[in-house]
Amino acid sequence: MPMVRELRINGRSLAVTAEDDRTLLGVLRDELGLTGAKYGCGEGRCGACTVLIDGEPARSCVTRLSAVGDREITTIEGLEQDGKLHPLQEAFLETGAMQCGYCTCGMIMSGVGLLRQNPRPSREEIIEAMNGNVCRCGTYTRIMAAVDLAARAIKEGRK
Amino acid sequence: MSHVHNQADEVWTEIEPERYELYEPRGGRVAFDRRDFLRVLGGGLLIAYLLDHTESEAQQPGRRQGFRGQAGPQDIGAWLHIAEDGTISVYTGKAEVGQNIRTSLTQVVAEELGVEAGMVRMVMADTQLTPFDMGTFGSRTTPDMSRRLRRTAAAAREVLIELAAERWKTSHEKLIVAESAVVNPETGARLEYGKLTQGQKLTKTVSDSTPIREPRKWTIAGQSLAKVNGRDFVTGRHRYASDMSLPGMLHARLLRAPSFGAALVSVELAAARAMPDVVVVQEGDFVGVAAASEPRAARALAAIKAEWKPGPAIASRTLFEDLRRPANDRGFAGGERDGRSAGNKGKSLREQPDSGATRLEQTYTGAYIAHAPLEPRAAVASWEGGKLTVWTGTQRPFGVRSELAAALRVPEADIRVIVPDTGSGYGGKHTGEAAVEAARLARAAGKPVKLVWTREEEFTWAYYRPAGVIDIKSSASREGLLTAWDCQNYNSGGSGLRSPYSAAQQATAFHPSRSPLRQGSYRALASTANHFARESHMDELAHALGIDPLQFRLRNLKDDRLRAVLEAAATAFGWGKPADAGRGVGLACGTEKGGYVATCAEVAVDRENGRVAVVRTTTAFECGAVVNPDHLKNQVEGAVVMGLGGALFEAIEYENGRIQNPRFSRYRVPRFRDTPQLDVVLVDRPDLPAAGAGEAPIIAIAPAVGNAIFAAVGVRLRSLPMVPQRLKI
């Protein structure tokens, strides 16, 4: 049976009515209108649906609502602060790290998760962290350049 | 379809290059009616680009078969409107699927009009608002649509200058345009476009003769402008068709056959129909459900019991034998002719003993592969008063409108197809399956319906890149000159079949087969398979002759543009330097759709475990005048990465009529770890018309990698994908 629960998303508390076994992706997209997270495979193998749960990248297409609890969810819609893009969003624009853009939100969320945990990742560490995200257009080298650029921008910003 | 080439007389019979593009004759035509336009768009200035006879024909290949000469309204290729407030809107039927044409088309319009790119609003791929377009494929946007829009914008500029000249009582020759205004440099007088179009109801038609700015003088075109709506993509604000939502919208799921070609025998719908708020539709083999949420639709679908009569027990293990059997029916999509192979048998080269020459005979094969666009097929359909609106991701909005009209028996005039910028296609989204399915369900439900294909559906029920078998027989003299070339292609297609190399005797033919699986267009079509075969074979010949593969190609190549990219790639790559142990280098080149490409690759093979890694690639690419260098580079990089998938590990596996790998966990696509260092050399030719670039750069990577693997370990791989598992050394 559907039940009402509170989800903590992008710093707000939102009430949703949904069954326990709903996927987080389905709830975000169909119940809350947060369509930045995309469906790509339904098995956690392409990364298009990536969001952060307590700061860690998670595949929302294989995350059941019951497993989320009261943990903090961050989606792409929550990255922009007061009209200012996250440095990784800026870096994607700067490096032209997209073609069709369908993977972009998931890529950025995976990248933000990586940078939180490792502010200055090496090329190999970027590959390791991002290998589960597919860009079918093949813009991988640009995405790696964007993560690297954002890492430097964040470091500069902190000085 | 086939040809025998004798270089003395230079007579070629055209190979059908676009056999698998799946186009069909268009339905309605657009009349240019001034009043209609002004009613829809409002006042201001409207410029319509009229297609000339050749362009009209190209838009409508079906007309060649008998409708030629019928008088009708002239076709419009694009239009541009400058509103009374100066807002500039451009209307084109082309679709944005990641190739960044929204940006490149914006650039050429801004260039001709003398405005910032941000001032141009590009309305694309909406059958109600934009003129008919056959589809976004064949790398035609840049050579056709870009040229049309340049002329349209140039004509608008000339009208604006005339208006200002009239107003100022001066000669139009004295005036220029700059920053959205007509300016008189002598007096400093300035009139913004909005001031000139205010209160006007001007329409003008233009054709291909309007003068345009030379690429050498470009200041906005020719630059690396960023994706015009890039911010919408990095913030998640862009709404793909799969992100659309309408009030009261239901979510759909479809009943699918358990195997290819299976037929529905019986179906039990009562349990699903008994569920509250579930719409169940059956029309023949079409069975679908719609419900308020996706999980509810899935539960309703699970409650349906169906019995199927299995289709043929086809298996990928016998694919290449299957393809050698000639086509014996007319079953191909697009109404293609068939049965040519019998007639072609005599067209192979006769055996010609040639003492002292090197002779070689080899067969190359390629598996079916999937486009696997990251956004699967998706559509939202809504009916209002018998009229249908569908939002869907497709490369052929007008083609999908025709499909909808035929399937639902509704006039095209009552159907509107809107294509939001789409989550890629690569030639895989020429059809409107999801649109038709969603529209059927929406009509029955009386509510809007959304259907997003699952990844498994996309892998199973979309169409594949044709598999193929290619036989090559050749001979070359001791001096390294080709003397004979015979290439027979079974099923994969005619694109890129014609060899750019000189040979005294040549014969090439394409033999259609009865494809076991549904197949269709793909980025560069058969050019990838044909280049893999030819460029691998050239490498084999070079090794047999003991001649450097670069030198061997240059010795047999007359085309200066192809020679130029080959030499540019070789130089930038450092061709000729000895490779480290366990490493090898290879190269390949070719031309497709007006683009010239050469790729050098370095691979590392681990002899212990058979792992193959592509370490670095250098691709030189030339497609005439470059409209946006960074986006062109992006296309080249992306094509190389995508090409690595088909080269190394992508293949559709099927057994007993069932696909075995319809998931990303079973079907391997290139990922971060597979990506080599990608070097790109752009050869700019502002003296030549700009050609499209989304396809050609994919054709050289597979043979370059195969040739590099041979150089590294002496193993020749002649079947795509070359290394689905690990290399057995």
# chains A, B, ... in the order shown; residues from 1 in each chain; ligands from 1
$ residues_around --residues "A:Thr139" --least-positions-apart "2" --cutoff "7 Å" --atoms "only C-alpha atoms" --output "ChimeraX atom specification"
/A:97-98,135,137,141-143 /B:638
$ interface_residues --of "chain A" --to "chain B" --cutoff "8 Å" --atoms "only C-alpha atoms" --output "PyMOL selection string"
chain A and resi 22+26+29-30+35-37+39-43+45-46+76-77+79-80+89+92-94+96+98-105+108+127-128+130-141
$ select_by_dssp --residues "stretch 521-655 of chain B" --states "alpha helix (DSSP H)" --output "ChimeraX atom specification"
/B:527-545,549-556,560-573,629-648
$ closest_residue --among "A:Thr17, A:Ser110, A:Thr23, A:Thr95" --to "A:Gly47" --atoms "only C-alpha atoms"
A:Ser110
$ residues_around --residues "B:Pro397" --least-positions-apart "4" --cutoff "10 Å" --atoms "only C-alpha atoms" --output "ChimeraX atom specification"
/B:93-95,124-127,132-136,390-393,401-403,416-419,430-432
$ residues_around --residues "B:Gln551" --least-positions-apart "5" --cutoff "10 Å" --atoms "only C-alpha atoms" --output "ChimeraX atom specification"
/B:480,542,556-557
$ write_last_selection --atoms "all heavy atoms" --output "PDB file, in the first residue's frame"
ATOM      1  N   GLY B 480      54.510  -2.605 -55.395  1.00  0.00           N
ATOM      2  CA  GLY B 480      53.509  -2.124 -54.452  1.00  0.00           C
ATOM      3  C   GLY B 480      52.372  -1.365 -55.090  1.00  0.00           C
ATOM      4  O   GLY B 480      51.769  -0.507 -54.456  1.00  0.00           O
ATOM      5  N   ALA B 542      50.247  -4.849 -47.558  1.00  0.00           N
ATOM      6  CA  ALA B 542      51.490  -4.119 -47.285  1.00  0.00           C
ATOM      7  C   ALA B 542      52.499  -5.019 -46.583  1.00  0.00           C
ATOM      8  O   ALA B 542      53.685  -5.047 -46.937  1.00  0.00           O
ATOM      9  CB  ALA B 542      51.195  -2.878 -46.438  1.00  0.00           C
ATOM     10  N   ASN B 556      49.189   4.154 -53.835  1.00  0.00           N
ATOM     11  CA  ASN B 556      47.997   3.768 -54.596  1.00  0.00           C
ATOM     12  C   ASN B 556      46.843   4.772 -54.509  1.00  0.00           C
ATOM     13  O   ASN B 556      45.744   4.485 -54.942  1.00  0.00           O
ATOM     14  CB  ASN B 556      47.502   2.397 -54.114  1.00  0.00           C
ATOM     15  CG  ASN B 556      48.447   1.285 -54.546  1.00  0.00           C
ATOM     16  OD1 ASN B 556      48.440   0.876 -55.700  1.00  0.00           O
ATOM     17  ND2 ASN B 556      49.286   0.842 -53.628  1.00  0.00           N
ATOM     18  N   LEU B 557      47.148   5.907 -53.926  1.00  0.00           N
ATOM     19  CA  LEU B 557      46.088   6.871 -53.634  1.00  0.00           C
ATOM     20  C   LEU B 557      46.279   8.147 -54.434  1.00  0.00           C
ATOM     21  O   LEU B 557      47.321   8.793 -54.342  1.00  0.00           O
ATOM     22  CB  LEU B 557      46.169   7.195 -52.134  1.00  0.00           C
ATOM     23  CG  LEU B 557      44.916   7.584 -51.365  1.00  0.00           C
ATOM     24  CD1 LEU B 557      43.773   6.617 -51.624  1.00  0.00           C
ATOM     25  CD2 LEU B 557      45.252   7.632 -49.881  1.00  0.00           C
TER      26      LEU B 557
END
$ atom_distance --atom1 "atom CA of B:Glu653" --atom2 "atom CA of B:Gly261"
15.9 Å
$ atom_distance --atom1 "atom CA of B:Ser515" --atom2 "atom CA of B:Lys309"
20.4 Å
$ select_by_dssp --residues "stretch 1-130 of chain A" --states "strand (DSSP E or B)" --output "PyMOL selection string"
chain A and resi 3-9+12-18+23+50-53+56-59+64+72-74+81+84
$ decode --residues "stretch 228-264 of chain B" --atoms "N, CA and C atoms" --output "tab-separated table (two decimals), in the first residue's frame"
chain	number	residue	atom	x	y	z
B	228	VAL	N	24.65	26.25	-27.29
B	228	VAL	CA	23.86	27.45	-26.98
B	228	VAL	C	22.95	27.28	-25.77
B	229	ASN	N	22.42	26.08	-25.58
B	229	ASN	CA	21.55	25.87	-24.41
B	229	ASN	C	22.23	24.94	-23.39
B	230	GLY	N	23.56	25.01	-23.36
B	230	GLY	CA	24.34	24.12	-22.49
B	230	GLY	C	23.93	24.19	-21.02
B	231	ARG	N	23.58	25.39	-20.55
B	231	ARG	CA	23.24	25.54	-19.13
B	231	ARG	C	22.03	24.68	-18.76
B	232	ASP	N	21.09	24.52	-19.69
B	232	ASP	CA	19.91	23.70	-19.40
B	232	ASP	C	20.29	22.23	-19.18
B	233	PHE	N	21.39	21.81	-19.78
B	233	PHE	CA	21.78	20.40	-19.66
B	233	PHE	C	22.56	20.14	-18.37
B	234	VAL	N	23.39	21.09	-17.96
B	234	VAL	CA	24.17	20.85	-16.73
B	234	VAL	C	23.35	21.10	-15.47
B	235	THR	N	22.19	21.73	-15.62
B	235	THR	CA	21.32	21.95	-14.46
B	235	THR	C	20.17	20.96	-14.40
B	236	GLY	N	20.01	20.14	-15.44
B	236	GLY	CA	18.88	19.21	-15.48
B	236	GLY	C	17.58	19.87	-15.89
B	237	ARG	N	17.64	21.14	-16.30
B	237	ARG	CA	16.40	21.83	-16.66
B	237	ARG	C	15.86	21.40	-18.02
B	238	HIS	N	16.75	20.96	-18.92
B	238	HIS	CA	16.27	20.56	-20.24
B	238	HIS	C	15.31	19.38	-20.10
B	239	ARG	N	14.19	19.46	-20.79
B	239	ARG	CA	13.21	18.38	-20.76
B	239	ARG	C	13.29	17.57	-22.05
B	240	TYR	N	13.83	16.38	-21.93
B	240	TYR	CA	13.79	15.44	-23.05
B	240	TYR	C	12.35	14.92	-23.16
B	241	ALA	N	12.05	14.25	-24.26
B	241	ALA	CA	10.71	13.68	-24.40
B	241	ALA	C	10.38	12.80	-23.20
B	242	SER	N	11.39	12.06	-22.71
B	242	SER	CA	11.16	11.16	-21.59
B	242	SER	C	10.95	11.90	-20.27
B	243	ASP	N	11.21	13.21	-20.26
B	243	ASP	CA	11.00	14.01	-19.04
B	243	ASP	C	9.66	14.74	-19.04
B	244	MET	N	8.96	14.67	-20.18
B	244	MET	CA	7.71	15.42	-20.31
B	244	MET	C	6.65	14.90	-19.35
B	245	SER	N	5.78	15.80	-18.93
B	245	SER	CA	4.67	15.40	-18.08
B	245	SER	C	3.47	16.29	-18.40
B	246	LEU	N	2.28	15.69	-18.44
B	246	LEU	CA	1.06	16.46	-18.69
B	246	LEU	C	0.06	16.15	-17.58
B	247	PRO	N	-0.85	17.06	-17.29
B	247	PRO	CA	-1.85	16.80	-16.25
B	247	PRO	C	-2.67	15.55	-16.56
B	248	GLY	N	-2.84	14.70	-15.57
B	248	GLY	CA	-3.65	13.49	-15.75
B	248	GLY	C	-2.99	12.40	-16.56
B	249	MET	N	-1.71	12.58	-16.84
B	249	MET	CA	-0.99	11.66	-17.72
B	249	MET	C	-0.85	10.26	-17.11
B	250	LEU	N	-1.05	9.24	-17.93
B	250	LEU	CA	-0.85	7.86	-17.50
B	250	LEU	C	0.49	7.34	-18.02
B	251	HIS	N	0.97	6.27	-17.38
B	251	HIS	CA	2.23	5.64	-17.79
B	251	HIS	C	1.92	4.29	-18.42
B	252	ALA	N	2.63	3.99	-19.48
B	252	ALA	CA	2.30	2.79	-20.27
B	252	ALA	C	3.38	1.72	-20.19
B	253	ARG	N	2.95	0.49	-20.39
B	253	ARG	CA	3.86	-0.63	-20.63
B	253	ARG	C	3.25	-1.49	-21.73
B	254	LEU	N	4.13	-2.13	-22.49
B	254	LEU	CA	3.68	-2.93	-23.62
B	254	LEU	C	3.99	-4.41	-23.40
B	255	LEU	N	3.10	-5.25	-23.90
B	255	LEU	CA	3.37	-6.69	-23.90
B	255	LEU	C	4.29	-6.99	-25.08
B	256	ARG	N	5.41	-7.62	-24.81
B	256	ARG	CA	6.37	-7.90	-25.88
B	256	ARG	C	6.48	-9.41	-26.12
B	257	ALA	N	6.79	-9.73	-27.35
B	257	ALA	CA	6.99	-11.13	-27.71
B	257	ALA	C	8.23	-11.67	-27.00
B	258	PRO	N	8.23	-12.96	-26.69
B	258	PRO	CA	9.39	-13.54	-26.00
B	258	PRO	C	10.58	-13.76	-26.93
B	259	SER	N	10.33	-13.73	-28.26
B	259	SER	CA	11.44	-13.94	-29.19
B	259	SER	C	11.15	-13.18	-30.48
B	260	PHE	N	12.19	-13.02	-31.29
B	260	PHE	CA	12.02	-12.32	-32.57
B	260	PHE	C	11.05	-13.10	-33.45
B	261	GLY	N	10.10	-12.39	-34.03
B	261	GLY	CA	9.20	-13.02	-34.99
B	261	GLY	C	8.11	-13.88	-34.38
B	262	ALA	N	7.97	-13.87	-33.05
B	262	ALA	CA	6.91	-14.66	-32.43
B	262	ALA	C	5.55	-14.01	-32.70
B	263	ALA	N	4.51	-14.84	-32.82
B	263	ALA	CA	3.15	-14.31	-33.08
B	263	ALA	C	2.25	-14.64	-31.90
B	264	LEU	N	1.39	-13.71	-31.58
B	264	LEU	CA	0.49	-13.88	-30.44
B	264	LEU	C	-0.60	-14.90	-30.81
